[in-house]
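The structure appears right after this line, and notes come after that.
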Amino acid sequence: MKKMRVAVFVSGSGSNLQAIIDASIPSIEIALVFSNNPDAYALKRAENHGIPTLVINHRDFKSREEFETEILKHLEPLGIELIVLAGFMRILSPLLVREYNNRMINLHPALLPSFPGINAARQAIEAGVKFTGCTVHFVDEGVDSGPIILQAVVPVLDEDDEDSLLQKIHEEEHRIYPEAIRLISEGKIRIEGRRVLRKP
Ligand code: GAR
């Protein structure tokens with residue numbers, strides 16, 4: 001089977017990148033790890049596994065569009081078929097989102113559509129919900145608003161603070177993100193409106 005060529009976009013630690021690498025998904029090749037942050041530890045993780053890396057600092061550009069045009073210039077020759085946002089902390093403009101329509105996924109540390117945006121675990125604690133979790137979704141032009149592929153539930157216990165909750169959420173993320181990538185790259189899902197369904 002031809003391997004799907006994947007670029008993973010990171011900005012920080014990259015524990016989800018590590019989980020994707022460790023999952024050794026036979027149907028993908030991680031052809032690139034891209035970061036907007038030159039100091040992202042995720043870049044080290046990629047280098048440790050011999051995965052090509054690219055850093056383009058958004059601060060060097062006047063607009064999101066110019067930044068993304070530069071990114072696209074590098075993705076095209078690599079034949080990237082799927083962009084995986086794994087702790088990538090820049091909001092993307094319609095330029096990149098449209099180019100990778102239904103071919104870009106994101107991971108969010110809450111059960112969307114609850115608690116989009118930043119500090120999702122803190123938002124969950126402050127809202128007093130008894131369950132939160134994580135969501136893998138396709139990226140559309142909104143913030144954390146695209147069709148949902150997989151979710152996992154995490155209970156919020158009385159003794160939880162933001163850190164302990166995030167730790168539990170991360171464990172689930174590390175399980176469902178590789179699984180979602182596997183489903184997509186094996187052609188096992190289809191999108192119907194806002195619903196992402198398993199193919200029979
Ligand atoms: C993950 O928890 C992911 O859900 C979150 O950033 C973390 C990255 O961790 N993403 C967002 O909040 C996107 N809005 P990692 O760098 O260890 O993979």
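Naming scheme: A, B, ... for chains in displayed order of the structure tokens; residues 1 onward per chain; ligands 1 onward as shown.
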
Neighbouring residues of Lys199 of chain A were defined as those with any atom within 8 Å, considering only C-alpha atoms; residues of the same chain fewer than 3 positions away were excluded. Please report them as a ChimeraX atom specification.
/A:188-190

Considering only C-alpha atoms and all ligand atoms, give me a table of residues in chain A that are at most 9 Å from ligand 1, with the closest atom pair and distance in Å for each, as JSON lines.
```
{"residue": "A:Val10", "atom": "CA", "partner": "ligand 1", "partner_atom_place_in_ligand_line": "16 (O)", "distance": 6.5}
{"residue": "A:Ser11", "atom": "CA", "partner": "ligand 1", "partner_atom_place_in_ligand_line": "16 (O)", "distance": 6.7}
{"residue": "A:Gly12", "atom": "CA", "partner": "ligand 1", "partner_atom_place_in_ligand_line": "16 (O)", "distance": 4.7}
{"residue": "A:Ser13", "atom": "CA", "partner": "ligand 1", "partner_atom_place_in_ligand_line": "16 (O)", "distance": 4.0}
{"residue": "A:Gly14", "atom": "CA", "partner": "ligand 1", "partner_atom_place_in_ligand_line": "16 (O)", "distance": 3.5}
{"residue": "A:Ser15", "atom": "CA", "partner": "ligand 1", "partner_atom_place_in_ligand_line": "17 (O)", "distance": 3.5}
{"residue": "A:Asn16", "atom": "CA", "partner": "ligand 1", "partner_atom_place_in_ligand_line": "18 (O)", "distance": 3.6}
{"residue": "A:Leu17", "atom": "CA", "partner": "ligand 1", "partner_atom_place_in_ligand_line": "18 (O)", "distance": 5.8}
{"residue": "A:Gln18", "atom": "CA", "partner": "ligand 1", "partner_atom_place_in_ligand_line": "18 (O)", "distance": 7.7}
{"residue": "A:Ala19", "atom": "CA", "partner": "ligand 1", "partner_atom_place_in_ligand_line": "18 (O)", "distance": 8.4}
{"residue": "A:Ala40", "atom": "CA", "partner": "ligand 1", "partner_atom_place_in_ligand_line": "16 (O)", "distance": 8.5}
{"residue": "A:Tyr41", "atom": "CA", "partner": "ligand 1", "partner_atom_place_in_ligand_line": "16 (O)", "distance": 8.3}
{"residue": "A:Ala42", "atom": "CA", "partner": "ligand 1", "partner_atom_place_in_ligand_line": "16 (O)", "distance": 6.9}
{"residue": "A:Leu85", "atom": "CA", "partner": "ligand 1", "partner_atom_place_in_ligand_line": "13 (C)", "distance": 7.9}
{"residue": "A:Ala86", "atom": "CA", "partner": "ligand 1", "partner_atom_place_in_ligand_line": "18 (O)", "distance": 5.2}
{"residue": "A:Gly87", "atom": "CA", "partner": "ligand 1", "partner_atom_place_in_ligand_line": "8 (C)", "distance": 3.5}
{"residue": "A:Phe88", "atom": "CA", "partner": "ligand 1", "partner_atom_place_in_ligand_line": "13 (C)", "distance": 6.3}
{"residue": "A:Met89", "atom": "CA", "partner": "ligand 1", "partner_atom_place_in_ligand_line": "13 (C)", "distance": 6.1}
{"residue": "A:Arg90", "atom": "CA", "partner": "ligand 1", "partner_atom_place_in_ligand_line": "14 (N)", "distance": 8.5}
{"residue": "A:Ile91", "atom": "CA", "partner": "ligand 1", "partner_atom_place_in_ligand_line": "14 (N)", "distance": 8.6}
{"residue": "A:Asn106", "atom": "CA", "partner": "ligand 1", "partner_atom_place_in_ligand_line": "13 (C)", "distance": 7.1}
{"residue": "A:Leu107", "atom": "CA", "partner": "ligand 1", "partner_atom_place_in_ligand_line": "4 (O)", "distance": 4.8}
{"residue": "A:His108", "atom": "CA", "partner": "ligand 1", "partner_atom_place_in_ligand_line": "4 (O)", "distance": 4.0}
{"residue": "A:Pro109", "atom": "CA", "partner": "ligand 1", "partner_atom_place_in_ligand_line": "4 (O)", "distance": 4.1}
{"residue": "A:Ala110", "atom": "CA", "partner": "ligand 1", "partner_atom_place_in_ligand_line": "4 (O)", "distance": 7.7}
{"residue": "A:Pro116", "atom": "CA", "partner": "ligand 1", "partner_atom_place_in_ligand_line": "14 (N)", "distance": 7.4}
{"residue": "A:Gly117", "atom": "CA", "partner": "ligand 1", "partner_atom_place_in_ligand_line": "14 (N)", "distance": 5.8}
{"residue": "A:Ile118", "atom": "CA", "partner": "ligand 1", "partner_atom_place_in_ligand_line": "12 (O)", "distance": 5.9}
{"residue": "A:Asn119", "atom": "CA", "partner": "ligand 1", "partner_atom_place_in_ligand_line": "12 (O)", "distance": 7.0}
{"residue": "A:Ala120", "atom": "CA", "partner": "ligand 1", "partner_atom_place_in_ligand_line": "12 (O)", "distance": 7.0}
{"residue": "A:Cys134", "atom": "CA", "partner": "ligand 1", "partner_atom_place_in_ligand_line": "4 (O)", "distance": 6.8}
{"residue": "A:Thr135", "atom": "CA", "partner": "ligand 1", "partner_atom_place_in_ligand_line": "4 (O)", "distance": 7.9}
{"residue": "A:Val136", "atom": "CA", "partner": "ligand 1", "partner_atom_place_in_ligand_line": "4 (O)", "distance": 8.7}
{"residue": "A:Val143", "atom": "CA", "partner": "ligand 1", "partner_atom_place_in_ligand_line": "14 (N)", "distance": 8.4}
{"residue": "A:Asp144", "atom": "CA", "partner": "ligand 1", "partner_atom_place_in_ligand_line": "14 (N)", "distance": 7.0}
{"residue": "A:Leu166", "atom": "CA", "partner": "ligand 1", "partner_atom_place_in_ligand_line": "2 (O)", "distance": 7.1}
{"residue": "A:Gln167", "atom": "CA", "partner": "ligand 1", "partner_atom_place_in_ligand_line": "2 (O)", "distance": 8.7}
{"residue": "A:Ile169", "atom": "CA", "partner": "ligand 1", "partner_atom_place_in_ligand_line": "2 (O)", "distance": 7.1}
{"residue": "A:His170", "atom": "CA", "partner": "ligand 1", "partner_atom_place_in_ligand_line": "2 (O)", "distance": 5.7}
{"residue": "A:Glu173", "atom": "CA", "partner": "ligand 1", "partner_atom_place_in_ligand_line": "4 (O)", "distance": 6.9}
{"residue": "A:His174", "atom": "CA", "partner": "ligand 1", "partner_atom_place_in_ligand_line": "18 (O)", "distance": 8.2}
```

Give me a file of those residues, with C-alpha atoms, as an mmCIF file, in the first residue's frame.
```cif
data_model
loop_
_atom_site.group_PDB
_atom_site.id
_atom_site.type_symbol
_atom_site.label_atom_id
_atom_site.label_comp_id
_atom_site.auth_asym_id
_atom_site.auth_seq_id
_atom_site.Cartn_x
_atom_site.Cartn_y
_atom_site.Cartn_z
ATOM 1 C CA VAL A 10 4.103 21.575 16.246
ATOM 2 C CA SER A 11 4.902 24.529 18.481
ATOM 3 C CA GLY A 12 5.923 22.995 21.803
ATOM 4 C CA SER A 13 6.720 19.784 23.630
ATOM 5 C CA GLY A 14 5.463 17.387 20.976
ATOM 6 C CA SER A 15 4.261 14.550 23.190
ATOM 7 C CA ASN A 16 1.554 13.877 20.611
ATOM 8 C CA LEU A 17 4.134 13.846 17.835
ATOM 9 C CA GLN A 18 5.978 11.243 19.927
ATOM 10 C CA ALA A 19 2.821 9.161 20.274
ATOM 11 C CA ALA A 40 10.084 23.645 20.211
ATOM 12 C CA TYR A 41 11.229 20.434 21.928
ATOM 13 C CA ALA A 42 9.173 18.574 19.329
ATOM 14 C CA LEU A 85 -1.702 19.877 13.869
ATOM 15 C CA ALA A 86 -0.204 18.591 17.123
ATOM 16 C CA GLY A 87 0.020 21.439 19.592
ATOM 17 C CA PHE A 88 0.444 23.966 16.786
ATOM 18 C CA MET A 89 -0.389 27.254 18.451
ATOM 19 C CA ARG A 90 -1.090 29.547 15.494
ATOM 20 C CA ILE A 91 -4.541 30.192 14.121
ATOM 21 C CA ASN A 106 -6.371 19.133 14.769
ATOM 22 C CA LEU A 107 -6.368 17.869 18.323
ATOM 23 C CA HIS A 108 -8.137 19.850 21.027
ATOM 24 C CA PRO A 109 -8.031 19.187 24.786
ATOM 25 C CA ALA A 110 -11.801 19.298 25.387
ATOM 26 C CA PRO A 116 -12.877 25.899 22.158
ATOM 27 C CA GLY A 117 -9.870 28.216 22.151
ATOM 28 C CA ILE A 118 -7.091 28.373 24.718
ATOM 29 C CA ASN A 119 -6.881 26.914 28.250
ATOM 30 C CA ALA A 120 -9.569 24.339 27.540
ATOM 31 C CA CYS A 134 -10.244 15.493 23.859
ATOM 32 C CA THR A 135 -11.325 15.785 20.247
ATOM 33 C CA VAL A 136 -9.729 15.077 16.872
ATOM 34 C CA VAL A 143 -11.620 28.035 15.550
ATOM 35 C CA ASP A 144 -11.851 24.396 16.726
ATOM 36 C CA LEU A 166 -4.399 17.886 31.508
ATOM 37 C CA GLN A 167 -2.299 14.856 32.337
ATOM 38 C CA ILE A 169 -6.405 14.332 28.813
ATOM 39 C CA HIS A 170 -2.922 13.849 27.333
ATOM 40 C CA GLU A 173 -4.870 12.214 23.208
ATOM 41 C CA HIS A 174 -1.893 9.926 22.764
#
```

Given only C-alpha atoms, how would the per-residue table for segment 15-37 of chain A near segment 61-80 of chain A read, listing every residue at most 12 Å away with its closest atom pair and distance in Å to one decimal, sorted by chain and number, as JSON lines?
```
{"residue": "A:Ile28", "atom": "CA", "partner": "A:Ile80", "partner_atom": "CA", "distance": 10.8}
{"residue": "A:Glu29", "atom": "CA", "partner": "A:Ile80", "partner_atom": "CA", "distance": 9.8}
{"residue": "A:Ile30", "atom": "CA", "partner": "A:Ile80", "partner_atom": "CA", "distance": 9.3}
{"residue": "A:Ala31", "atom": "CA", "partner": "A:Leu78", "partner_atom": "CA", "distance": 7.4}
{"residue": "A:Leu32", "atom": "CA", "partner": "A:Leu78", "partner_atom": "CA", "distance": 8.3}
{"residue": "A:Val33", "atom": "CA", "partner": "A:Leu75", "partner_atom": "CA", "distance": 10.7}
{"residue": "A:Phe34", "atom": "CA", "partner": "A:Ile71", "partner_atom": "CA", "distance": 8.7}
{"residue": "A:Ser35", "atom": "CA", "partner": "A:Ile71", "partner_atom": "CA", "distance": 10.0}
{"residue": "A:Asn36", "atom": "CA", "partner": "A:Phe67", "partner_atom": "CA", "distance": 9.4}
```

Non-local contacts of Arg195 of chain A (10 Å; only C-alpha atoms; under 2 positions in same chain excluded) as a compact mmCIF listing (two decimals) with N, CA, C and O atoms, in the first residue's frame:
```
# COMPACT_ATOMS: atom_id res chain seq x y z
N GLY A 146 -14.34 22.29 13.15
CA GLY A 146 -14.59 21.40 12.01
C GLY A 146 -15.20 20.05 12.40
O GLY A 146 -15.34 19.74 13.59
N PRO A 147 -15.59 19.24 11.40
CA PRO A 147 -16.22 17.94 11.66
C PRO A 147 -15.37 17.04 12.57
O PRO A 147 -14.16 16.91 12.39
N ILE A 148 -16.04 16.41 13.54
CA ILE A 148 -15.37 15.65 14.59
C ILE A 148 -15.11 14.21 14.13
O ILE A 148 -16.02 13.52 13.67
N ILE A 149 -13.87 13.77 14.29
CA ILE A 149 -13.47 12.43 13.85
C ILE A 149 -13.53 11.45 15.03
O ILE A 149 -14.17 10.41 14.95
N ARG A 190 -15.54 8.62 5.99
CA ARG A 190 -16.06 9.55 4.98
C ARG A 190 -16.75 10.68 5.71
O ARG A 190 -17.21 10.53 6.86
N ILE A 191 -16.81 11.85 5.04
CA ILE A 191 -17.42 13.03 5.66
C ILE A 191 -18.77 13.27 5.01
O ILE A 191 -18.87 13.32 3.78
N GLU A 192 -19.80 13.38 5.84
CA GLU A 192 -21.15 13.69 5.34
C GLU A 192 -21.64 14.91 6.08
O GLU A 192 -22.08 14.81 7.24
N GLY A 193 -21.54 16.08 5.46
CA GLY A 193 -21.90 17.31 6.17
C GLY A 193 -20.97 17.50 7.35
O GLY A 193 -19.75 17.51 7.19
N LEU A 197 -18.09 9.65 9.32
CA LEU A 197 -18.63 8.30 9.52
C LEU A 197 -17.62 7.24 9.08
O LEU A 197 -16.81 7.49 8.17
N ARG A 198 -17.72 6.07 9.72
CA ARG A 198 -16.86 4.95 9.33
C ARG A 198 -17.41 4.35 8.04
O ARG A 198 -18.60 4.16 7.91
```

Mind checking DSSP for segment 3-193 of chain A and telling me the helix (DSSP H, G or I) residues as a ChimeraX atom specification?
/A:15-23,41-48,58-60,64-78,94-99,120-127,162-185

Considering only C-alpha atoms, return as JSON, numbers by chain whatever protein or nucleic-acid residues lie within 9 Å of Pro94 of chain A, sequence-local ones (same chain, fewer than 5 positions apart) excluded.
{"A": [65, 99, 140, 141]}

For Arg194 of chain A, the nearest of the candidates A:Val154, A:Ala180, A:Val139, A:Met4, counting only C-alpha atoms
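Going through A:Val154, A:Ala180, A:Val139, A:Met4 one by one, the smallest distance to Arg194 of chain A is for A:Val139.
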
Who sits within 9 Å of Tyr100 of chain A, only C-alpha atoms, same chain under 6 positions skipped, as a ChimeraX atom specification
/A:81-83,139

Output all heavy atoms for every residue in the selection just made, as a CSV table (one decimal), in the first residue's frame.
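Below you can see part18.csv, which holds the result:
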```
chain,number,residue,atom,x,y,z
A,81,GLU,N,0.1,15.1,1.9
A,81,GLU,CA,-1.3,14.8,1.6
A,81,GLU,C,-2.2,15.1,2.9
A,81,GLU,O,-3.4,15.2,2.7
A,81,GLU,CB,-1.4,13.3,1.2
A,81,GLU,CG,-0.7,13.0,-0.1
A,81,GLU,CD,-0.5,11.5,-0.2
A,81,GLU,OE1,0.5,11.0,0.4
A,81,GLU,OE2,-1.2,10.9,-1.0
A,82,LEU,N,-1.5,15.1,4.0
A,82,LEU,CA,-2.3,15.3,5.3
A,82,LEU,C,-1.5,16.1,6.2
A,82,LEU,O,-0.3,15.8,6.4
A,82,LEU,CB,-2.6,14.0,5.9
A,82,LEU,CG,-3.4,14.0,7.3
A,82,LEU,CD1,-4.9,14.4,7.0
A,82,LEU,CD2,-3.4,12.6,8.0
A,83,ILE,N,-2.1,17.2,6.7
A,83,ILE,CA,-1.4,18.0,7.8
A,83,ILE,C,-2.0,17.7,9.1
A,83,ILE,O,-3.3,17.7,9.3
A,83,ILE,CB,-1.6,19.5,7.5
A,83,ILE,CG1,-0.9,19.9,6.2
A,83,ILE,CG2,-1.0,20.4,8.7
A,83,ILE,CD1,-1.0,21.4,5.9
A,139,VAL,N,-10.0,20.4,10.2
A,139,VAL,CA,-9.9,21.9,10.4
A,139,VAL,C,-10.7,22.6,9.3
A,139,VAL,O,-10.6,22.3,8.1
A,139,VAL,CB,-8.4,22.3,10.3
A,139,VAL,CG1,-8.3,23.9,10.4
A,139,VAL,CG2,-7.6,21.7,11.4
```

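Distance annotation: of A:Arg59, A:Arg98, A:His49, A:Lys2, the residue with the minimal separation from Asn37 of chain A is A:Arg59; atom set is only C-alpha atoms.
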
Which residue, A:Ala124, A:His137, A:Gly187, A:Ser145, has the smallest gap to Glu162 of chain A when you use only C-alpha atoms?
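Ranking A:Ala124, A:His137, A:Gly187, A:Ser145 by distance to Glu162 of chain A, first place goes to A:Ala124.
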
Please list as a list in words every residue within 8 Å of Ile176 of chain A, counting only C-alpha atoms and excluding residues in the same chain fewer than 6 positions away.
Val136, Leu150, Gln151 and Ala152 of chain A

For those residues, write N, CA, C and O atoms to a file as a PDB file, in the first residue's frame.
```pdb
ATOM      1  N   VAL A 136     -10.452  14.947  18.145  1.00  0.00           N
ATOM      2  CA  VAL A 136      -9.729  15.077  16.872  1.00  0.00           C
ATOM      3  C   VAL A 136     -10.751  15.508  15.830  1.00  0.00           C
ATOM      4  O   VAL A 136     -11.812  14.889  15.708  1.00  0.00           O
ATOM      5  N   LEU A 150     -12.843  11.758  16.115  1.00  0.00           N
ATOM      6  CA  LEU A 150     -12.846  10.896  17.307  1.00  0.00           C
ATOM      7  C   LEU A 150     -12.855  11.768  18.553  1.00  0.00           C
ATOM      8  O   LEU A 150     -12.314  12.885  18.551  1.00  0.00           O
ATOM      9  N   GLN A 151     -13.447  11.251  19.624  1.00  0.00           N
ATOM     10  CA  GLN A 151     -13.373  11.917  20.925  1.00  0.00           C
ATOM     11  C   GLN A 151     -13.118  10.871  21.998  1.00  0.00           C
ATOM     12  O   GLN A 151     -13.462   9.699  21.821  1.00  0.00           O
ATOM     13  N   ALA A 152     -12.548  11.314  23.113  1.00  0.00           N
ATOM     14  CA  ALA A 152     -12.407  10.446  24.279  1.00  0.00           C
ATOM     15  C   ALA A 152     -12.811  11.249  25.511  1.00  0.00           C
ATOM     16  O   ALA A 152     -12.565  12.462  25.579  1.00  0.00           O
TER      17      ALA A 152
END
```

Secondary structure check, strand (DSSP E or B) residues of segment 1-172 of chain A, as a PyMOL selection string:
chain A and resi 4-10+28-35+53-55+82-85+104-108+131-138+148-155

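Between atom CA of Lys130 of chain A and atom CA of Asp158 of chain A the separation is 8.8 Å.
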
Counting only C-alpha atoms, the option among A:Ala23, A:Ile105, A:Leu165, A:Leu157 closest to Pro178 of chain A:
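That would be A:Ala23, the residue with the smallest distance to Pro178 of chain A.
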